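Participant: My structure is stored as my_file17.txt, with compact mmCIF, C-alpha atoms and all ligand atoms.
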```
# COMPACT_ATOMS: atom_id res chain seq x y z
CA MET E 1 -2.22 5.41 -19.09
CA ALA E 2 -4.00 2.25 -20.07
CA ILE E 3 -2.97 -0.90 -18.29
CA THR E 4 -2.72 -3.40 -21.08
CA ASN E 5 -0.74 -6.17 -19.50
CA THR E 6 0.05 -7.37 -15.97
CA SER E 7 1.73 -10.53 -14.86
CA PHE E 8 3.24 -12.10 -11.79
CA VAL E 9 7.05 -12.01 -11.73
CA LYS E 10 8.16 -13.63 -8.48
CA SER E 11 7.76 -13.94 -4.72
CA SER E 12 10.81 -13.06 -2.63
CA SER E 13 11.57 -13.84 0.99
CA SER E 14 14.10 -11.00 1.27
CA VAL E 15 14.97 -7.80 -0.57
CA THR E 16 18.14 -9.41 -1.94
CA GLN E 17 16.00 -11.91 -3.84
CA CYS E 18 13.83 -9.28 -5.52
CA PRO E 19 14.04 -8.83 -9.31
CA ASP E 20 16.63 -6.33 -10.63
CA GLY E 21 15.61 -2.81 -9.70
CA ASP E 22 15.85 -1.64 -13.28
CA ARG E 23 12.44 0.05 -13.52
CA PRO E 24 10.13 2.16 -11.36
CA GLU E 25 8.33 0.36 -8.55
CA TYR E 26 5.26 1.04 -6.38
CA ALA E 27 4.53 -0.99 -3.27
CA PHE E 28 1.42 -1.48 -1.14
CA ILE E 29 1.61 -1.68 2.62
CA GLY E 30 -0.79 -1.41 5.57
CA ARG E 31 -2.41 -3.46 8.29
CA SER E 32 -3.23 -7.04 7.43
CA ASN E 33 -6.66 -7.27 5.79
CA VAL E 34 -6.76 -3.58 4.84
CA GLY E 35 -7.10 -4.54 1.16
CA LYS E 36 -3.59 -4.33 -0.35
CA SER E 37 -3.90 -7.36 -2.60
CA SER E 38 -7.45 -6.43 -3.63
CA LEU E 39 -6.29 -2.95 -4.66
CA ILE E 40 -3.52 -4.41 -6.82
CA ASN E 41 -6.11 -6.60 -8.53
CA MET E 42 -8.42 -3.64 -9.05
CA LEU E 43 -5.66 -1.52 -10.59
CA SER E 44 -4.62 -4.29 -12.92
CA ASN E 45 -8.14 -5.40 -13.94
CA ASN E 46 -7.19 -8.88 -12.86
CA LYS E 47 -9.13 -10.39 -9.97
CA GLY E 48 -6.87 -13.37 -9.60
CA LEU E 49 -3.46 -11.65 -9.84
CA ALA E 50 -2.71 -11.10 -6.13
CA LYS E 51 -4.10 -13.62 -3.63
CA THR E 52 -6.70 -12.15 -1.30
CA SER E 53 -8.42 -13.57 1.77
CA SER E 54 -10.77 -12.51 4.53
CA THR E 55 -8.27 -14.02 6.99
CA PRO E 56 -5.50 -11.51 7.88
CA GLY E 57 -1.94 -12.60 7.10
CA LYS E 58 -2.61 -13.94 3.61
CA THR E 59 0.31 -12.24 1.83
CA GLN E 60 3.55 -13.52 3.34
CA LEU E 61 6.26 -12.60 0.85
CA ILE E 62 7.34 -9.69 -1.35
CA ASN E 63 5.35 -10.24 -4.56
CA HIS E 64 6.37 -8.49 -7.77
CA PHE E 65 3.96 -7.93 -10.65
CA ILE E 66 5.00 -6.26 -13.87
CA VAL E 67 2.70 -3.79 -15.61
CA ASN E 68 2.90 -2.98 -19.35
CA ASN E 69 6.43 -4.38 -19.22
CA GLU E 70 7.45 -0.99 -17.77
CA TRP E 71 6.96 -0.79 -14.03
CA TYR E 72 6.45 -2.99 -10.99
CA LEU E 73 3.59 -3.23 -8.54
CA VAL E 74 4.57 -4.89 -5.28
CA ASP E 75 2.29 -6.63 -2.82
CA LEU E 76 3.70 -6.83 0.71
CA PRO E 77 2.61 -8.65 3.87
CA GLY E 78 0.54 -6.64 6.33
CA TYR E 79 1.71 -5.32 9.66
CA GLY E 80 0.35 -5.04 13.15
CA TYR E 81 -2.78 -7.19 13.14
CA ALA E 82 -3.36 -8.72 16.58
CA LYS E 83 -4.88 -11.88 15.11
CA VAL E 84 -1.70 -12.65 13.16
CA PRO E 85 0.64 -14.74 15.39
CA LYS E 86 3.45 -12.76 17.01
CA THR E 87 6.28 -14.76 15.39
CA GLN E 88 4.74 -14.15 11.97
CA ARG E 89 4.33 -10.44 12.68
CA LYS E 90 8.02 -10.26 13.60
CA ALA E 91 9.05 -12.02 10.40
CA PHE E 92 6.85 -9.68 8.33
CA LYS E 93 8.41 -6.65 10.04
CA LEU E 94 11.96 -7.80 9.21
CA LEU E 95 10.98 -8.48 5.62
CA ILE E 96 9.17 -5.16 5.18
CA ASP E 97 11.86 -3.05 6.89
CA GLY E 98 14.61 -4.64 4.79
CA TYR E 99 12.63 -3.99 1.64
CA LEU E 100 11.85 -0.37 2.50
CA LYS E 101 15.40 0.49 3.50
CA HIS E 102 17.16 -1.10 0.54
CA ARG E 103 14.91 -1.01 -2.49
CA GLY E 104 16.42 1.86 -4.48
CA ASN E 105 13.86 1.85 -7.31
CA LEU E 106 10.87 2.24 -4.95
CA MET E 107 9.27 5.42 -6.32
CA CYS E 108 6.40 5.59 -3.88
CA LEU E 109 4.94 3.51 -1.08
CA PHE E 110 1.15 3.39 -0.90
CA VAL E 111 0.21 3.24 2.76
CA LEU E 112 -3.29 1.80 2.98
CA VAL E 113 -5.67 2.58 5.81
CA ASP E 114 -9.27 1.45 6.24
CA VAL E 115 -11.41 4.56 5.84
CA ARG E 116 -13.84 3.29 8.49
CA HIS E 117 -11.33 3.47 11.32
CA LYS E 118 -9.73 6.42 12.99
CA ALA E 119 -5.95 6.69 12.95
CA GLN E 120 -4.47 3.63 14.62
CA LYS E 121 -1.31 3.82 16.69
CA VAL E 122 0.38 1.14 14.58
CA ASP E 123 -0.26 3.14 11.39
CA ILE E 124 0.96 6.43 12.83
CA GLU E 125 4.10 4.73 14.15
CA PHE E 126 4.70 3.15 10.77
CA ILE E 127 4.21 6.44 8.91
CA ASN E 128 6.53 8.26 11.29
CA LYS E 129 9.16 5.58 10.81
CA ILE E 130 9.15 5.69 7.02
CA GLY E 131 9.18 9.47 7.24
CA GLU E 132 12.41 9.27 9.21
CA TRP E 133 13.82 6.86 6.66
CA GLY E 134 12.89 9.20 3.83
CA VAL E 135 10.67 6.70 2.01
CA PRO E 136 8.34 8.59 -0.37
CA PHE E 137 4.73 7.71 0.41
CA VAL E 138 1.08 8.60 -0.05
CA ILE E 139 -1.95 7.51 1.96
CA VAL E 140 -4.67 5.42 0.35
CA PHE E 141 -7.97 5.01 2.16
CA THR E 142 -9.60 1.68 1.36
CA LYS E 143 -13.09 0.16 1.54
CA ALA E 144 -14.86 3.44 0.73
CA ASP E 145 -17.92 1.40 -0.31
CA LYS E 146 -18.54 0.72 3.38
CA LEU E 147 -19.32 4.37 4.24
CA LYS E 148 -21.45 7.23 3.01
CA PRO E 149 -19.60 10.09 1.26
CA VAL E 150 -20.17 12.46 4.19
CA GLU E 151 -18.74 9.90 6.62
CA ILE E 152 -15.71 9.45 4.40
CA GLU E 153 -15.16 13.18 4.34
CA GLU E 154 -15.36 13.36 8.14
CA ASN E 155 -12.96 10.47 8.64
CA VAL E 156 -10.41 11.81 6.17
CA LYS E 157 -10.56 15.22 7.85
CA LYS E 158 -10.01 13.63 11.27
CA TYR E 159 -7.13 11.56 9.89
CA LYS E 160 -5.43 14.67 8.59
CA GLU E 161 -5.80 16.34 11.97
CA ASP E 162 -4.22 13.33 13.66
CA LEU E 163 -1.30 13.33 11.22
CA LEU E 164 -0.75 17.05 11.68
CA GLU E 165 0.16 16.33 15.30
CA TYR E 166 3.35 14.76 13.96
CA TRP E 167 3.80 16.25 10.49
CA GLU E 168 4.00 19.81 9.28
CA GLU E 169 2.93 18.89 5.79
CA LEU E 170 0.40 16.28 4.77
CA PRO E 171 1.14 13.57 2.21
CA GLN E 172 -1.05 13.17 -0.85
CA MET E 173 -4.20 11.14 -0.13
CA PHE E 174 -6.51 8.96 -2.22
CA VAL E 175 -9.88 7.40 -1.41
CA THR E 176 -10.52 4.02 -3.01
CA SER E 177 -12.79 1.02 -3.08
CA SER E 178 -11.70 -2.20 -4.73
CA THR E 179 -15.23 -3.54 -4.56
CA GLY E 180 -16.70 -0.36 -6.03
CA LYS E 181 -13.74 0.16 -8.38
CA SER E 182 -13.31 3.77 -7.29
CA GLY E 183 -10.11 5.78 -7.07
CA LYS E 184 -8.50 3.73 -9.79
CA GLU E 185 -7.98 6.49 -12.33
CA GLU E 186 -6.52 8.83 -9.71
CA LEU E 187 -3.96 6.24 -8.62
CA ILE E 188 -3.00 5.27 -12.16
CA ASN E 189 -2.61 8.93 -13.14
CA PHE E 190 -0.42 9.48 -10.10
CA ILE E 191 1.79 6.52 -11.05
CA GLU E 192 2.02 7.78 -14.61
CA GLU E 193 3.21 11.17 -13.36
CA VAL E 194 5.80 9.70 -11.03
CA ASN E 195 7.01 7.34 -13.76
CA GLN E 196 8.05 10.43 -15.74
CA THR E 197 10.62 11.20 -13.04
CA TRP E 198 12.37 7.82 -13.43
P1 LIG H 1 -3.06 -9.46 3.99
O1 LIG H 1 -2.40 -9.97 2.75
O2 LIG H 1 -3.62 -10.56 4.82
O3 LIG H 1 -2.20 -8.53 4.78
O4 LIG H 1 -4.38 -8.62 3.56
P2 LIG H 1 -4.60 -7.56 2.39
O5 LIG H 1 -4.33 -6.21 2.92
O6 LIG H 1 -3.88 -7.96 1.16
O7 LIG H 1 -6.18 -7.64 2.15
P3 LIG H 1 -7.00 -8.39 1.01
O8 LIG H 1 -6.86 -7.67 -0.28
O9 LIG H 1 -6.65 -9.85 1.03
O10 LIG H 1 -8.49 -8.14 1.50
C1 LIG H 1 -8.91 -8.48 2.81
C2 LIG H 1 -10.42 -8.59 2.86
O11 LIG H 1 -10.99 -7.30 2.64
C3 LIG H 1 -11.00 -9.50 1.77
O12 LIG H 1 -12.08 -10.18 2.33
C4 LIG H 1 -11.45 -8.52 0.71
O13 LIG H 1 -12.51 -9.01 -0.08
C5 LIG H 1 -11.89 -7.32 1.54
N1 LIG H 1 -11.74 -6.06 0.79
C6 LIG H 1 -10.63 -5.60 0.18
N2 LIG H 1 -10.84 -4.42 -0.42
C7 LIG H 1 -12.15 -4.11 -0.20
C8 LIG H 1 -12.99 -3.01 -0.57
O14 LIG H 1 -12.61 -2.04 -1.24
N3 LIG H 1 -14.29 -3.05 -0.12
C9 LIG H 1 -14.75 -4.08 0.63
N4 LIG H 1 -16.03 -4.01 1.03
N5 LIG H 1 -14.00 -5.13 0.99
C10 LIG H 1 -12.71 -5.16 0.58
MG MG H 2 -2.51 -9.40 0.85
```
Step by step, read the file and then write its structure as structure tokens.

Facilitator:
Amino acid sequence: MAITNTSFVKSSSSVTQCPDGDRPEYAFIGRSNVGKSSLINMLSNNKGLAKTSSTPGKTQLINHFIVNNEWYLVDLPGYGYAKVPKTQRKAFKLLIDGYLKHRGNLMCLFVLVDVRHKAQKVDIEFINKIGEWGVPFVIVFTKADKLKPVEIEENVKKYKEDLLEYWEELPQMFVTSSTGKSGKEELINFIEEVNQTW
């Protein structure tokens, strides 16, 4: 699938304000600063589409972008970053939980984790929670440009082992770099496949 057109639709401060759920939707979640907004820009060939920042806590609302006039990409606030003030973290959690529980057209949630770090408690807790809620998800490792291929392989292997302590089956996984523009085709192909099930 070629991405020919992407544009910003709206920012929402609750799931009830989101655009009509009349088309398939894919959302990006993960710790603040993990690279959610950057990945959306990489996928859409548009550096300035989603706002990025080296300071965690940049994305504060539910942001909808429309792709090829057919499906939505959604940028969400991050969770669990100690440097983000506690009140803000609480507000993000309410917003994210409401969105995940009530957005019927959410086809798949991309859970982003920094490939440099081993499984963090906050990520495992989040993954276990959405598993209980029955939210379909995959794991997307980010910032692959920061490691050598053999280190990436080791870290992904370790991550799988950690997840297998809680899960009998592993979710699909992707390795990406927004800076290096890698993993793009795999993600777009995945979205194209899932779109067929709409
Ligand atoms: P919040 O909105 O604050 O939750 O953050 P976010 O997850 O949207 O992260 P964002 O895309 O704003 O990126 C955070 C920082 O990481 C920025 O300084 C980016 O330039 C950097 N970054 C994002 N993706 C990559 C990547 O693939 N490689 C490298 N080296 N840096 C990246
Ligand atoms: Mg962001």

Participant: From the set E:Val135, E:Ile66, E:Ala50, E:Leu164, which residue has the shortest atom-to-atom contact distance to ligand LIG 1 (chain H), counting only C-alpha atoms and all ligand atoms?

Facilitator: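 Nearest to ligand LIG 1 (chain H): E:Ala50.
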
Participant: Between E:Glu186, E:Glu193, E:Asp145, E:Asp75, which one has atoms that come closest to Lys36 of chain E, using all atoms listed in the file?

Facilitator: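 Residue with the minimum atom-to-atom distance to Lys36 of chain E: E:Asp75.
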
Participant: Could you check how far atom O3 of ligand LIG 1 (chain H) sits from atom CA of Trp198 of chain E, in Å to one decimal?

Facilitator: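 So the two atoms, atom O3 of ligand LIG 1 (chain H) and atom CA of Trp198 of chain E, lie 28.5 Å apart.
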
Participant: Using all atoms listed in the file, which protein or nucleic acid residues are at most 9 Å from ligand MG 2 (chain H), as a list in words?

Facilitator: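 What falls inside 9 Å of ligand MG 2 (chain H) is Ile29, Ser32, Asn33, Val34, Gly35, Lys36, Ser37, Ser38, Ala50, Lys51, Thr52, Ser53, Pro56, Gly57, Lys58, Thr59, Gln60, Asp75, Leu76, Pro77 and Gly78 of chain E.
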
Participant: Report, as lines of an AutoDock Vina configuration file, the axis-aligned box around all atoms of ligand LIG 1 (chain H) present in the file, extended by 8 Å on each side; give centre and edge lengths in Å to one decimal place.

Facilitator:
```
center_x = -9.1
center_y = -6.3
center_z = 1.8
size_x = 29.8
size_y = 24.5
size_z = 22.1
```

Participant: From the list E:Val9, E:Leu43, E:Ala27, E:Ala2, which residue is nearest Thr179 of chain E when using all atoms listed in the file?

Facilitator: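 Using all atoms listed in the file, the shortest distance to Thr179 of chain E belongs to E:Leu43.
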
Participant: Find the residues near Asp162 of chain E: any atom within 9 Å, counting all atoms listed in the file, skip ones fewer than 6 places away on the same chain, and give them as a PyMOL selection string.

Facilitator: chain E and resi 118-119+124
